[in-house]
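Notes to accompany the following structure.
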Amino acid sequence: MLIREYRPEDCRTLAELFYRTVHQVNARDYTQAQLEAWAPGDVDLAGWNRSFLDHYSLVAVAEGIIVGFGDISPAGYLDRLYVHADHQREGVASAICGALEGAVPGTVTTHASITAKPFFEKRGYRAVREQQVERRGVLLTNFVMERKQ
């Protein structure tokens with residue numbers, strides 16, 4: 001597996017991976033209405049591209065296929081971390097997350113889904129609080145988590 005920096009031509013593939021991951025992996029913890037609100041399939045590609053370019057953004061590639069991605073802001077907010085449903089539990093998220101965490105000094109903060117919370121806990125993050133976030137009029141539960149480096 002290769003971890004490389006994001007390129008603008010990756011954006012559409014990352015949006016598709018995001019949609020599939022949310023709808024397949026997170027389905028055990030969220031309702032169909034919540035999944036549709038979270039990942040409706042109409043990502044603003046220009047906005048995502050700008051965000052990836054503003055953050056330190058990494059892509060995991062295995063056998064020529066993008067299998068995961070993540071990004072972190074200069075201030076240490078780990079924004080997105082998604083791994084293709086067919087590549088869960090292969091170390092992809094750990095590799096991306098480790099590289100992102102190593103790119104910023106100080107505390108790393110993320111808003112972890114119910115599904116991702118155990119992954120972050122194993123990495124030494126602690127839940128600061130549970131919260132409800134609204135997406136397209138639907139409430140979703142996630143957790144503000146942080147890890148002091």
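Note on naming: chains are A, B, ... as they come in the structure tokens, residues start from 1 per chain, ligands start from 1 in the order shown.
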Report task. List every residue of region 48-96 of chain A that DSSP, applied to the backbone of this structure, assigns to alpha helix (DSSP H), and report them as a list in words. Result -> Trp48, Asn49, Arg50, Ser51, Phe52, Leu53, Asp54, Val92, Ala93, Ser94, Ala95 and Ile96 of chain A
Output for the residues just chosen: N, CA, C and O atoms as a short mmCIF file (atom, residue, chain, number, x, y, z; two decimals), in the first residue's frame:
data_model
loop_
_atom_site.label_atom_id
_atom_site.label_comp_id
_atom_site.auth_asym_id
_atom_site.auth_seq_id
_atom_site.Cartn_x
_atom_site.Cartn_y
_atom_site.Cartn_z
N TRP A 48 -15.01 20.34 -1.97
CA TRP A 48 -14.16 19.29 -1.41
C TRP A 48 -12.72 19.48 -1.87
O TRP A 48 -11.79 19.35 -1.09
N ASN A 49 -12.53 19.75 -3.14
CA ASN A 49 -11.17 19.95 -3.66
C ASN A 49 -10.47 21.08 -2.92
O ASN A 49 -9.32 20.94 -2.50
N ARG A 50 -11.17 22.21 -2.74
CA ARG A 50 -10.58 23.34 -2.01
C ARG A 50 -10.19 22.91 -0.60
O ARG A 50 -9.12 23.25 -0.10
N SER A 51 -11.08 22.18 0.06
CA SER A 51 -10.82 21.72 1.42
C SER A 51 -9.61 20.79 1.47
O SER A 51 -8.74 20.93 2.34
N PHE A 52 -9.54 19.84 0.54
CA PHE A 52 -8.39 18.94 0.50
C PHE A 52 -7.09 19.71 0.27
O PHE A 52 -6.06 19.40 0.85
N LEU A 53 -7.15 20.73 -0.59
CA LEU A 53 -5.95 21.52 -0.88
C LEU A 53 -5.56 22.42 0.30
O LEU A 53 -4.37 22.70 0.50
N ASP A 54 -6.53 22.85 1.08
CA ASP A 54 -6.26 23.68 2.26
C ASP A 54 -5.72 22.86 3.43
O ASP A 54 -5.10 23.40 4.34
N VAL A 92 -5.33 0.26 6.70
CA VAL A 92 -5.38 1.46 5.86
C VAL A 92 -5.63 2.70 6.71
O VAL A 92 -4.89 3.69 6.62
N ALA A 93 -6.67 2.66 7.54
CA ALA A 93 -6.99 3.82 8.38
C ALA A 93 -5.85 4.15 9.34
O ALA A 93 -5.52 5.32 9.54
N SER A 94 -5.23 3.12 9.91
CA SER A 94 -4.12 3.35 10.83
C SER A 94 -2.94 4.03 10.13
O SER A 94 -2.32 4.94 10.69
N ALA A 95 -2.64 3.59 8.92
CA ALA A 95 -1.53 4.19 8.17
C ALA A 95 -1.81 5.65 7.83
O ALA A 95 -0.95 6.52 8.02
N ILE A 96 -3.01 5.91 7.33
CA ILE A 96 -3.36 7.29 6.99
C ILE A 96 -3.38 8.15 8.25
O ILE A 96 -2.80 9.25 8.27
#
**Report entry** Contacts of Ala99 (chain A) within 10 Å, only C-alpha atoms, excl. fewer than 6 positions in-chain, as a PyMOL selection string
**Finding:** chain A and resi 3-4+56-58+70-72+93
Please produce an output containing all heavy atoms for each residue in the selection, written as an mmCIF file, in the first residue's frame.
data_model
loop_
_atom_site.group_PDB
_atom_site.id
_atom_site.type_symbol
_atom_site.label_atom_id
_atom_site.label_comp_id
_atom_site.auth_asym_id
_atom_site.auth_seq_id
_atom_site.Cartn_x
_atom_site.Cartn_y
_atom_site.Cartn_z
ATOM 1 N N ILE A 3 0.936 5.385 0.537
ATOM 2 C CA ILE A 3 0.246 6.575 1.047
ATOM 3 C C ILE A 3 0.887 7.762 0.343
ATOM 4 O O ILE A 3 2.101 7.962 0.409
ATOM 5 C CB ILE A 3 0.407 6.730 2.576
ATOM 6 C CG1 ILE A 3 -0.062 5.481 3.318
ATOM 7 C CG2 ILE A 3 -0.309 7.987 3.059
ATOM 8 C CD1 ILE A 3 -1.538 5.239 3.288
ATOM 9 N N ARG A 4 0.063 8.526 -0.355
ATOM 10 C CA ARG A 4 0.580 9.684 -1.089
ATOM 11 C C ARG A 4 -0.299 10.890 -0.831
ATOM 12 O O ARG A 4 -1.417 10.778 -0.331
ATOM 13 C CB ARG A 4 0.668 9.382 -2.583
ATOM 14 C CG ARG A 4 -0.680 9.140 -3.242
ATOM 15 C CD ARG A 4 -0.558 9.241 -4.754
ATOM 16 N NE ARG A 4 -1.750 8.843 -5.462
ATOM 17 C CZ ARG A 4 -2.846 9.590 -5.604
ATOM 18 N NH1 ARG A 4 -2.932 10.790 -5.056
ATOM 19 N NH2 ARG A 4 -3.885 9.137 -6.295
ATOM 20 N N TYR A 56 -3.772 19.115 4.950
ATOM 21 C CA TYR A 56 -2.816 18.073 4.583
ATOM 22 C C TYR A 56 -3.671 16.846 4.299
ATOM 23 O O TYR A 56 -4.334 16.316 5.202
ATOM 24 C CB TYR A 56 -1.827 17.827 5.721
ATOM 25 C CG TYR A 56 -0.795 16.776 5.408
ATOM 26 C CD1 TYR A 56 0.037 16.887 4.288
ATOM 27 C CD2 TYR A 56 -0.649 15.672 6.230
ATOM 28 C CE1 TYR A 56 0.983 15.925 4.009
ATOM 29 C CE2 TYR A 56 0.308 14.704 5.952
ATOM 30 C CZ TYR A 56 1.119 14.841 4.846
ATOM 31 O OH TYR A 56 2.056 13.882 4.570
ATOM 32 N N SER A 57 -3.709 16.421 3.058
ATOM 33 C CA SER A 57 -4.639 15.381 2.615
ATOM 34 C C SER A 57 -3.868 14.227 1.993
ATOM 35 O O SER A 57 -3.008 14.437 1.138
ATOM 36 C CB SER A 57 -5.623 15.955 1.593
ATOM 37 O OG SER A 57 -6.311 17.060 2.148
ATOM 38 N N LEU A 58 -4.192 13.019 2.434
ATOM 39 C CA LEU A 58 -3.497 11.825 1.981
ATOM 40 C C LEU A 58 -4.461 10.817 1.378
ATOM 41 O O LEU A 58 -5.632 10.742 1.770
ATOM 42 C CB LEU A 58 -2.760 11.175 3.154
ATOM 43 C CG LEU A 58 -1.679 12.013 3.815
ATOM 44 C CD1 LEU A 58 -1.118 11.316 5.046
ATOM 45 C CD2 LEU A 58 -0.564 12.338 2.825
ATOM 46 N N GLY A 70 -7.748 10.613 3.891
ATOM 47 C CA GLY A 70 -7.971 11.397 5.100
ATOM 48 C C GLY A 70 -7.343 12.761 4.954
ATOM 49 O O GLY A 70 -6.493 12.974 4.094
ATOM 50 N N ASP A 71 -7.771 13.685 5.816
ATOM 51 C CA ASP A 71 -7.192 15.023 5.794
ATOM 52 C C ASP A 71 -7.238 15.644 7.179
ATOM 53 O O ASP A 71 -8.080 15.304 8.011
ATOM 54 C CB ASP A 71 -7.883 15.908 4.761
ATOM 55 C CG ASP A 71 -9.343 16.186 5.065
ATOM 56 O OD1 ASP A 71 -10.124 15.216 5.177
ATOM 57 O OD2 ASP A 71 -9.709 17.368 5.196
ATOM 58 N N ILE A 72 -6.288 16.546 7.396
ATOM 59 C CA ILE A 72 -6.180 17.238 8.677
ATOM 60 C C ILE A 72 -5.850 18.699 8.414
ATOM 61 O O ILE A 72 -5.088 19.015 7.488
ATOM 62 C CB ILE A 72 -5.108 16.561 9.577
ATOM 63 C CG1 ILE A 72 -5.213 17.035 11.019
ATOM 64 C CG2 ILE A 72 -3.709 16.739 9.014
ATOM 65 C CD1 ILE A 72 -4.446 16.170 12.006
ATOM 66 N N ALA A 93 -6.665 2.661 7.541
ATOM 67 C CA ALA A 93 -6.989 3.825 8.383
ATOM 68 C C ALA A 93 -5.848 4.150 9.335
ATOM 69 O O ALA A 93 -5.515 5.316 9.545
ATOM 70 C CB ALA A 93 -8.284 3.585 9.149
#
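Ranking A:Ile65, A:Pro40, A:Lys148, A:Asn26 by their shortest atom-to-atom distance to Ala112 (chain A), with only C-alpha atoms included, puts A:Asn26 first.
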**Report entry** Near-region 77-81 of chain A list (9 Å; only C-alpha atoms; drop same-chain fewer than 6 positions) as a PyMOL selection string
**Finding:** chain A and resi 55+68-71+93+96-97+100-101+107-111
Requested in this report: Just the residues within 8 Å of Phe18 (chain A), please, counting only C-alpha atoms, with nothing from its chain fewer than 6 positions along; format it as number ranges by chain.
Outcome: A: 39, 82-84
Can you build me a table of region 15-65 of chain A residues sitting at most 10 Å from region 135-144 of chain A, with the closest atom pair per residue and its distance in Å to one decimal, using only C-alpha atoms, sorted by chain and residue number, as a Markdown table?
| residue | atom | partner | partner_atom | distance |
| --- | --- | --- | --- | --- |
| A:Asp29 | CA | A:Thr141 | CA | 9.6 |
| A:Tyr30 | CA | A:Leu140 | CA | 7.8 |
| A:Thr31 | CA | A:Leu140 | CA | 9.3 |
| A:Ala33 | CA | A:Val138 | CA | 7.4 |
| A:Gln34 | CA | A:Val138 | CA | 6.3 |
| A:Leu35 | CA | A:Leu140 | CA | 9.0 |
| A:Glu36 | CA | A:Arg136 | CA | 8.9 |
| A:Ala37 | CA | A:Arg135 | CA | 5.5 |
| A:Trp38 | CA | A:Arg135 | CA | 6.1 |
| A:Ala39 | CA | A:Arg135 | CA | 9.3 |
| A:Pro40 | CA | A:Arg136 | CA | 9.4 |
Those same residues, written as a short mmCIF file (atom, residue, chain, number, x, y, z; two decimals), in the first residue's frame with N, CA and C atoms?
data_model
loop_
_atom_site.label_atom_id
_atom_site.label_comp_id
_atom_site.auth_asym_id
_atom_site.auth_seq_id
_atom_site.Cartn_x
_atom_site.Cartn_y
_atom_site.Cartn_z
N ASP A 29 -24.71 1.39 12.37
CA ASP A 29 -24.86 2.31 13.49
C ASP A 29 -25.81 3.48 13.23
N TYR A 30 -26.25 3.64 11.99
CA TYR A 30 -27.10 4.77 11.62
C TYR A 30 -28.28 4.27 10.77
N THR A 31 -29.38 5.01 10.84
CA THR A 31 -30.56 4.65 10.06
C THR A 31 -30.35 5.03 8.59
N ALA A 33 -32.20 6.97 6.82
CA ALA A 33 -32.40 8.42 6.70
C ALA A 33 -31.14 9.17 7.11
N GLN A 34 -30.48 8.72 8.16
CA GLN A 34 -29.24 9.36 8.59
C GLN A 34 -28.13 9.19 7.55
N LEU A 35 -28.03 8.00 6.97
CA LEU A 35 -27.01 7.75 5.94
C LEU A 35 -27.24 8.64 4.73
N GLU A 36 -28.50 8.79 4.32
CA GLU A 36 -28.82 9.65 3.18
C GLU A 36 -28.51 11.12 3.46
N ALA A 37 -28.75 11.54 4.70
CA ALA A 37 -28.45 12.93 5.06
C ALA A 37 -26.95 13.18 5.11
N TRP A 38 -26.21 12.21 5.62
CA TRP A 38 -24.76 12.30 5.77
C TRP A 38 -24.06 12.23 4.41
N ALA A 39 -24.47 11.29 3.59
CA ALA A 39 -23.83 11.07 2.30
C ALA A 39 -24.89 10.89 1.22
N PRO A 40 -25.46 12.00 0.75
CA PRO A 40 -26.55 11.89 -0.22
C PRO A 40 -26.09 11.61 -1.65
#
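Take CA of Arg7 (chain A) and CA of Val104 (chain A): the distance between them is 20.1 Å.
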Report summary line: Students should find that CA of His87 (chain A) and CA of Asp44 (chain A) are spaced 25.2 Å
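You can rank A:Phe119, A:Val43, A:Arg20, A:Ala75 by their closest distance to Gly91 (chain A) using only C-alpha atoms, and at the top of that list sits A:Phe119.
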Query raised in the report: Which of region 3-145 of chain A counts as strand (DSSP E or B) under DSSP, as a PyMOL selection string please?
Result: chain A and resi 3-5+56-62+65-72+77-83+108-113+126-135+138-145
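The spacing separating CA of Glu63 (chain A) from CA of Val22 (chain A) amounts to 22.7 Å.
Of the residues under consideration (A:Ala46, A:Gly41, A:Gln32, A:Glu121), A:Ala46 shows the shortest atom-to-atom contact distance to Glu9 (chain A) when counting only C-alpha atoms.
Residue nearest Val61 (chain A) within the list A:Glu130, A:Asp10, A:Asp42, A:Glu16: A:Asp10 [criterion: smallest interatomic distance, only C-alpha atoms].
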